[in-house]
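Q: The structure that follows is given in the form of structure tokens.
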Amino acid sequence: MTTLSQTIPESYGSDFLHTIDQLLRDVPGVLQRIRDARDLATLARAMIVTIVAGAGIFGASMGAYRGGLQVLYAGLKLPLALLLTTAVCAPSLTALNAALGRQACIRRDLSLLLASLARTSLVLAAQAPMVLLAVRMGVSYHAIILLVVACCAAGAVVGLSLLLRGLRTSDAGPVLAVALALLTVFGFVGSQMSWTLRPFVLRPRTPEPTFVRSLEGSFFEAVVTSSMSARGVYWRSSAPLPGEEDVR
């Protein structure tokens, strides 16, 4: 005889896997589920697992540039950055919806953000082999950085498309205003969260992997610097040796 304790985990696991499969195959169904607030707890858990797995794989591929402990560090930090950013920005989306006369529900707004980031994470995981190939081919540090930024941008476009569809179907209010305001908040929080938790790709001269570096500069300054360095334009004669002060 099958007991209740045996049937519940099986049913839960089936719902969990169905939710992930639905994200891949039936985006309108996911958005309708969020709009109807149907079993959002299971959906949120499935999206979190997807983010941890997908972003973790891509993070590990970045850490492979240095190898060793950095693979683990980067694989942990990228999902952490995404989830922390979501935790900060979800209340902002609810507040924006309320301020602009749209339906405001923190559970639905959080679910929509998690679903968008889960799609982004799946795209990042699909691009991980490209980063690993670049590492294997001995591509330079700054070129790797730019490749990572390009991969993240591609993933962000996919996640953004789901977010915009969710905002359009959830209410008839001012979608564009909400989207622009949310993207401003999310972009600022996300980039600075990632910069705070860096490094993901360890500099060649760094003596040993560290989970979090000392705070310096900003994410946007780093992108500009890497872009110039990849073209052979440096703001200093050479990279600093370990122990020297890194002054831009």
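Naming works like this for the structure tokens: A, B, ... for the chains as they're shown, residue 1 at the start of each chain, ligands 1 onward in shown order.
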Run DSSP on the backbone and grab whatever in segment 11-210 of chain A lands in alpha helix (DSSP H); send it over as an NGL selection string.
A: :A and (11-25 or 27-35 or 40-63 or 69-99 or 106-136 or 141-170 or 175-197)
Q: To one decimal place, how far is atom CA of Met130 of chain A from atom CA of Ala81 of chain A in Å?
A: 21.8 Å
Q: For Ala98 of chain A, work out the shell of residues within 12 Å, counting only C-alpha atoms and skipping chain neighbours fewer than 5 positions away, then give it as a list in words.
A: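 That gives Pro91, Ser92, Leu93, Gln103, Ala104, Cys105, Ile106, Asp109, Asp171, Gly173, Pro174 and Val178 of chain A.
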Q: Using only C-alpha atoms, pick whichever of A:Leu100, A:Ala143, A:Arg136, A:Thr85 has the shortest atom-to-atom distance to Gly187 of chain A.
A: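 For Gly187 of chain A, the nearest of the given residues is A:Thr85.
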Q: Which one is closest to Val131 of chain A: A:Ile144, A:Ala154, A:Val201, A:Ile48? Count only C-alpha atoms.
A: A:Ile144
Q: Just want the 7 Å neighbourhood of segment 15-19 of chain A, counted on only C-alpha atoms, with same-chain residues fewer than 4 positions away dropped. Output as number ranges by chain.
A: A: 11, 23, 42-43, 46
Q: Keeping only C-alpha atoms, write the selected residues to a file as a short mmCIF file (atom, residue, chain, number, x, y, z; two decimals), in the first residue's frame.
A:
data_model
loop_
_atom_site.label_atom_id
_atom_site.label_comp_id
_atom_site.auth_asym_id
_atom_site.auth_seq_id
_atom_site.Cartn_x
_atom_site.Cartn_y
_atom_site.Cartn_z
CA SER A 11 3.47 14.75 -6.89
CA LEU A 23 9.18 27.82 -18.75
CA THR A 42 6.03 25.97 -6.60
CA LEU A 43 6.75 28.25 -9.53
CA ALA A 46 11.40 26.04 -9.59
#
Q: What does the structure give for the distance between atom CA of Ala55 of chain A and atom CA of Gly155 of chain A, in Å to one decimal?
A: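 That distance, rounded to one decimal, is 10.4 Å.
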Q: So that I can see what lies close to Leu124 of chain A, please list as number ranges by chain the residues with an atom at most 10 Å from it, counting only C-alpha atoms and leaving out residues fewer than 3 positions away in the same chain.
A: A: 51, 54-59, 118-121, 127-129, 148, 151-156
Q: Produce a file of the selected residues containing N, CA and C atoms, as a tab-separated table (two decimals), in the first residue's frame.
A:
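The resulting file, out17.tsv, is shown below:
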chain	number	residue	atom	x	y	z
A	51	ILE	N	17.61	29.33	-11.75
A	51	ILE	CA	18.60	30.42	-11.69
A	51	ILE	C	19.90	29.92	-11.09
A	54	GLY	N	21.46	27.39	-13.81
A	54	GLY	CA	21.89	28.03	-15.05
A	54	GLY	C	22.98	29.06	-14.84
A	55	ALA	N	22.76	29.98	-13.90
A	55	ALA	CA	23.76	31.00	-13.63
A	55	ALA	C	25.02	30.39	-13.02
A	56	GLY	N	24.84	29.32	-12.24
A	56	GLY	CA	25.99	28.65	-11.65
A	56	GLY	C	26.89	28.04	-12.70
A	57	ILE	N	26.30	27.44	-13.73
A	57	ILE	CA	27.07	26.86	-14.82
A	57	ILE	C	27.85	27.94	-15.55
A	58	PHE	N	27.18	29.05	-15.85
A	58	PHE	CA	27.88	30.13	-16.55
A	58	PHE	C	28.96	30.75	-15.67
A	59	GLY	N	28.65	30.92	-14.39
A	59	GLY	CA	29.65	31.45	-13.48
A	59	GLY	C	30.87	30.56	-13.40
A	118	ALA	N	15.10	33.39	-14.66
A	118	ALA	CA	15.30	31.98	-14.95
A	118	ALA	C	15.55	31.77	-16.44
A	119	ARG	N	14.78	32.47	-17.28
A	119	ARG	CA	15.02	32.39	-18.72
A	119	ARG	C	16.40	32.94	-19.07
A	120	THR	N	16.76	34.03	-18.43
A	120	THR	CA	18.10	34.58	-18.65
A	120	THR	C	19.17	33.57	-18.27
A	121	SER	N	18.98	32.90	-17.16
A	121	SER	CA	19.96	31.92	-16.68
A	121	SER	C	20.10	30.74	-17.62
A	127	GLN	N	25.35	29.42	-23.24
A	127	GLN	CA	26.54	30.09	-23.78
A	127	GLN	C	27.82	29.73	-23.04
A	128	ALA	N	27.71	28.98	-21.96
A	128	ALA	CA	28.88	28.60	-21.18
A	128	ALA	C	29.94	27.88	-22.02
A	129	PRO	N	29.56	26.96	-22.94
A	129	PRO	CA	30.59	26.31	-23.76
A	129	PRO	C	31.41	27.29	-24.61
A	148	VAL	N	32.11	37.84	-21.93
A	148	VAL	CA	31.17	37.61	-20.84
A	148	VAL	C	30.07	38.68	-20.82
A	151	CYS	N	27.66	37.94	-23.62
A	151	CYS	CA	26.79	36.81	-23.27
A	151	CYS	C	25.71	37.23	-22.29
A	152	CYS	N	26.09	38.03	-21.31
A	152	CYS	CA	25.11	38.51	-20.33
A	152	CYS	C	24.07	39.41	-20.99
A	153	ALA	N	24.51	40.22	-21.96
A	153	ALA	CA	23.58	41.09	-22.68
A	153	ALA	C	22.56	40.26	-23.47
A	154	ALA	N	23.03	39.18	-24.12
A	154	ALA	CA	22.13	38.31	-24.87
A	154	ALA	C	21.11	37.65	-23.94
A	155	GLY	N	21.58	37.18	-22.78
A	155	GLY	CA	20.66	36.59	-21.82
A	155	GLY	C	19.66	37.60	-21.29
A	156	ALA	N	20.13	38.83	-21.08
A	156	ALA	CA	19.25	39.88	-20.57
A	156	ALA	C	18.13	40.21	-21.55
Q: Quick one: of A:Val30, A:Leu84, A:Leu202, A:Ala60, who's nearest to Arg108 of chain A, counting only C-alpha atoms?
A: A:Val30
Q: Can you pull out every residue within 12 Å of Leu167 of chain A, counting only C-alpha atoms, but drop anything in the same chain fewer than 3 positions away, and send it as a PyMOL selection string?
A: chain A and resi 31-32+34-35+93-94+96-97+102-104+108-109+111-113+116+160-164+170-180+182
Q: With distances taken over only C-alpha atoms, which residue among A:Ala115, A:Val189, A:Ala134, A:Leu122 lies nearest Arg33 of chain A?
A: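 For Arg33 of chain A, the nearest of the given residues is A:Ala115.
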Q: Restricting the calculation to only C-alpha atoms, which member of A:Leu40, A:Val88, A:Val123, A:Leu76 is positioned closest to Phe188 of chain A?
A: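 Closest residue, counting only C-alpha atoms: A:Val88.
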Q: Identify which of the residues A:Lys77, A:Arg25, A:Gln70, A:Ile20 lies closest to Arg45 of chain A, counting only C-alpha atoms when measuring atom-to-atom distances.
A: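 Answer, going by the shortest atom-to-atom distance: A:Ile20.
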